[in-house]
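S.K.: Can you read through this structure? Questions will come right after.
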There are 2 protein chains.
Amino acid sequence: MSLDDAEDGRPQNTAGPSTSNPGSHRKPTLKTIAELTGLAVTTVSRALGDDPLIARETRQRVQAAAAQVGYLPDRAAQRLRTGRTNVISLILDPHEEILGYGTSMIRGMTATLRGTPYHLVITPHFSDTPQIDPVRHIVHNRMADGILFSRTEPSDERVKFLLEAGFPFVCHGRTELATPHPYVDYDNYTFTYQAAKKLIASGCRRLFIILPPERFTFHHHMRHGFMTAVREEGVGFEIAVDITLDSKADAVRDHVAARLAEPDPPDGFICGGEVSAMAVMSAIHDLGLTIGQDVRLVAKQTSGLFDQVRPRIETIYEDLSEAGRLMAGLLLKRMAGATPVDELQAVLEV
Amino acid sequence: MSLDDAEDGRPQNTAGPSTSNPGSHRKPTLKTIAELTGLAVTTVSRALGDDPLIARETRQRVQAAAAQVGYLPDRAAQRLRTGRTNVISLILDPHEEILGYGTSMIRGMTATLRGTPYHLVITPHFSDTPQIDPVRHIVHNRMADGILFSRTEPSDERVKFLLEAGFPFVCHGRTELATPHPYVDYDNYTFTYQAAKKLIASGCRRLFIILPPERFTFHHHMRHGFMTAVREEGVGFEIAVDITLDSKADAVRDHVAARLAEPDPPDGFICGGEVSAMAVMSAIHDLGLTIGQDVRLVAKQTSGLFDQVRPRIETIYEDLSEAGRLMAGLLLKRMAGATPVDELQAVLEV
DNA sequence: TGCGGAATTTGTAACGATATATATGGAGGT
DNA sequence: ACCTCCATATATATCGTTACAAATTCCGCA
């Protein structure tokens with residue numbers, strides 16, 4: 001029902017009832033259509049908006065004319081007049097090292113946004129400035145109609161601010177705030193729970209997990225799932241200190257290698273990031289150990305990478321593209337009107 | 001000094017016969033500053049633009065006032081009035097499987113764009129529509145001031161169209177068109193040339209290369225570099241048919257595995273993509289061969305991935321983030337004014 | 001005293017769309 | 001005939017900014 005410019009075959013030169021200027025072709029505006037149909041600009045505007053105040057026959061006539069001249073509304077003018085921007089801001093931390101994390105999500109988001117009037121704008125967040133800055137800027141200056149971001153924290157400032165401002169947003173990950181809000185999350189509790197169970201079932205007796213930085217909510221989910229499993233089974237465990245899923249891969253490798261060389265080494269690893277998982281593998285390899293034999297590893301898979309990695313390891317899949325699709329979808333709902341918050345929350349199952 | 005009535009802390013709905021808006025504090029506009037300084041709106045506008053027609057002292061006074069109230073120009077209004085959008089469109093194919101290809105480039109671009117008034121907008125290109133569609137749409141409807149895209153073809157339609165339209169753009173990869181145009185490329189010729197030389201120096205006598213799809217210019221650069229090296233050295237070679245760097249990883253793996261099982265198998269592989277390289281490695285592994293011994297592989301590295309991959313392979317680095325930085329930088333130059341084209345071209349060395 | 005003219009500043013009209021208020025025309029009732 | 005009322009359509013004001021033309025001040029100098 002919208003947004004097609006694929007018209008453009010070449011209907012120009014032949015017809016030539018050019019009402020106004022002969023010069024190439026200026027962008028058609030409402031005025032163009034008004035002159036073409038003999039109606040007033042206002043009428044044309046309403047007709048294109050399918051306002052029932054305008055006679056059905058007139059609406060159709062106007063819409064036909066608009067299609068014929070390839071009319072597309074000027075977004076700047078719409079934006080100035082209505083205050084709506086038709087923009088959705090995705091706040092992205094360019095330093096997120098996670099392989100393809102951003103692109104997968106973007107792929108999903110653009111897929112959902114296709115056919116809507118919304119544009120996806122990448123708003124970078126630089127780690128040398130407070131996390132909330134880009135959010136403040138967007139809201140305060142009406143740079144977008146909605147915001148998407150990830151790496152949510154339990155008492156996330158951005159969420160608090162956006163809730164307070166009543167500004168539409170969907171974040172990837174939950175908070176622990178009292179006020180409910182829209183989000184899309186992955187069931188990281190079950191991820192680590194299942195991962196631990198798998199390792200234990202394979203015979204592992206001392207599990208080692210690398211978690212995201214503590215400030216993120218999913219750190220706690222992962223920790224909790226892991227702890228529940230190891231307690232249920234009563235096996236040994238340790239949680240990486242000093243390194244996280246955000247650490248440089250080399251640091252992860254060195255750390256794991258060092259730990260493996262110490263007494264009473266872990267025999268099962270859980271890793272929620274692809275790059276860190278590769279680092280764990282390389283550490284194991286470099287010590288002459290064999291994965292799947294001396295040591296086991298369960299990793300989160302977010303791309304096709306591990307289908308090609310040898311030796312094969314166990315993985316549990318998280319579909320970030322689907323997360324992106326959902327986030328955009330929920331945001332559209334949220335912007336469209338007052339939907340109950342609980343319909344704007346989703347946890348993707350493992 | 002403070003004119004007020006717009007100052008408010010909390011305009012309740014109690015009386016509100018006066019002004020009106022419930023919003024906490026309305027966004028400051030030129031008018032706000034005009035009233036604040038006692039000048040005309042026009043003067044304020046020019047002063048903020050540092051127009052030398054306005055007295056230096058006035059300019060400073062206005063700029064101070066603007067800073068004080070936190071004035072930011074309304075982009076929609078500017079855009080409507082001037083026709084400039086302050087937007088740069090990055091056309092991205094969401095199906096590009098290359099790991100992190102997009103994010104690396106985006107990282108570089110946003111770094112360059114930081115501090116400029118430009119926003120980076122992701123314009124997806126869906127493979128079920130002609131490549132030129134989004135470009136046409138952007139130019140025709142003035143959706144951006146400049147365009148960035150990749151995967152350039154020897155006689156790229158997008159380039160031809162944009163040149164014809166006089167629309168600023170920078171692409172990743174060159175064309176073979178007569179008209180010069182801005183681009184950023186990587187020296188893929190030298191990449192494959194050096195890769196082949198390395199393999200031959202290590203004792204390989206039959207090289208196998210996987211190339212990008214033939215329609216891309218860098219297919220030819222890679223092929224040429226490769227051919228030059230194998231001819232110089234007089235070793236056997238073959239070029240993958242049916243599979244390309246865009247093929248699904250599983251397809252690449254199966255194909256390579258099949259070839260390795262045939263008589264007279266290759267003993268050296270060159271691969272310009274990370275995922276395909278992983279696929280080649282897994283094929284080799286699955287046949288019980290040893291990389292670095294029975295068979296060798298040189299891959300292009302665009303992320304930190306191969307630092308963690310075992311066994312270690314030879315890689316040659318391409319800095320996509322730097323490419324993104326450069327592309328954005330050249331585009332800014334191009335949009336700023338008439339720079340000689342040869343200053344808007346860059347080939348990143350191997 | 002007045003006048004040319006540089007140095008400043010100001011007023012007005014757009015840009016293209018939409019919200020609000022106002023007109024037009026005819027059908028229907030009295 | 002007159003008036004009301006509904007269905008349509010039009011006119012006008014406005015969003016915030018900038019281009020262009022016009023006005024104002026303040027000199028020095030004849």
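Letters for chains follow the order of the structure tokens (A, B, ...), residue numbers begin at 1 for each chain, and ligand numbers begin at 1 in the order shown.
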Give me, as a list in words, the residues of chain B touching chain A, with the criterion being at most 7 Å (counting only C-alpha atoms).

M.R.: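 Putting it all together, I get Ala76, Ala77, Arg79, Leu80, Pro94, Leu99, Gly100, Gly102, Thr103, Arg107, Thr110, Leu120, Val121, Ile122, Pro124, His137, Val275, Met278, Ala279, Ser282, Leu305, Gln308, Val309 and Arg310 of chain B.
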
S.K.: Could you write out as an mmCIF file with N, CA and C atoms (P, O5', C5', C4', C3', O3' and C1' of nucleotides), in the first residue's frame the residues of chain C within 8 Å of chain A, counting only C-alpha atoms (C1' of nucleotides)?

M.R.:
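This is the output file selection.cif:
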```cif
data_model
loop_
_atom_site.group_PDB
_atom_site.id
_atom_site.type_symbol
_atom_site.label_atom_id
_atom_site.label_comp_id
_atom_site.auth_asym_id
_atom_site.auth_seq_id
_atom_site.Cartn_x
_atom_site.Cartn_y
_atom_site.Cartn_z
ATOM 1 P P DC C 15 8.083 27.582 -3.489
ATOM 2 O "O5'" DC C 15 8.944 26.340 -3.016
ATOM 3 C "C5'" DC C 15 10.328 26.395 -2.700
ATOM 4 C "C4'" DC C 15 10.633 25.419 -1.603
ATOM 5 C "C3'" DC C 15 9.595 24.309 -1.451
ATOM 6 O "O3'" DC C 15 10.039 23.169 -2.178
ATOM 7 C "C1'" DC C 15 10.293 25.215 0.677
ATOM 8 P P DG C 16 9.005 22.469 -3.202
ATOM 9 O "O5'" DG C 16 8.023 21.659 -2.246
ATOM 10 C "C5'" DG C 16 8.511 20.515 -1.590
ATOM 11 C "C4'" DG C 16 7.527 20.098 -0.540
ATOM 12 C "C3'" DG C 16 6.144 19.726 -1.074
ATOM 13 O "O3'" DG C 16 5.897 18.406 -0.642
ATOM 14 C "C1'" DG C 16 5.962 21.146 0.802
ATOM 15 P P DA C 17 4.604 17.618 -0.997
ATOM 16 O "O5'" DA C 17 3.788 17.629 0.372
ATOM 17 C "C5'" DA C 17 4.239 16.795 1.421
ATOM 18 C "C4'" DA C 17 3.785 17.330 2.759
ATOM 19 C "C3'" DA C 17 2.310 17.114 3.074
ATOM 20 O "O3'" DA C 17 2.214 15.938 3.880
ATOM 21 C "C1'" DA C 17 3.096 19.298 3.737
ATOM 22 P P DT C 18 0.801 15.396 4.232
ATOM 23 O "O5'" DT C 18 0.332 16.380 5.393
ATOM 24 C "C5'" DT C 18 0.864 16.213 6.698
ATOM 25 C "C4'" DT C 18 0.214 17.215 7.621
ATOM 26 C "C3'" DT C 18 -1.256 16.951 7.915
ATOM 27 O "O3'" DT C 18 -1.440 17.233 9.296
ATOM 28 C "C1'" DT C 18 -1.005 19.133 7.136
#
```

S.K.: Set the cut-off to 7 Å and count only C-alpha atoms (C1' of nucleotides): what are the residues of chain D that reach chain A? Output as an NGL selection string.

M.R.: :D and (8-10 or 15)

S.K.: Could those selected residues go to a file with C-alpha atoms (C1' of nucleotides), as a compact mmCIF listing (two decimals), in the first residue's frame?

M.R.:
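Printed below is again.txt as written:
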```
# COMPACT_ATOMS: atom_id res chain seq x y z
C1' DT D 8 -17.66 17.67 0.09
C1' DA D 9 -14.25 20.80 -1.10
C1' DT D 10 -11.44 25.05 -0.35
C1' DC D 15 6.04 24.12 11.16
```

S.K.: Would you mind reading off the distance between atom CA of Leu207 of chain A and atom CA of Gly236 of chain A, one decimal, in Å?

M.R.: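 Distance between the two atoms: 6.2 Å.
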
S.K.: For the atom pair atom CA of Val159 of chain B and atom CA of Gln68 of chain A, what is the interatomic distance in Å to one decimal place?

M.R.: 27.5 Å

S.K.: If you run DSSP on the backbone here, which positions in segment 69-311 of chain B get helix (DSSP H, G or I)? Please write them as a count of residues only.

M.R.: 99
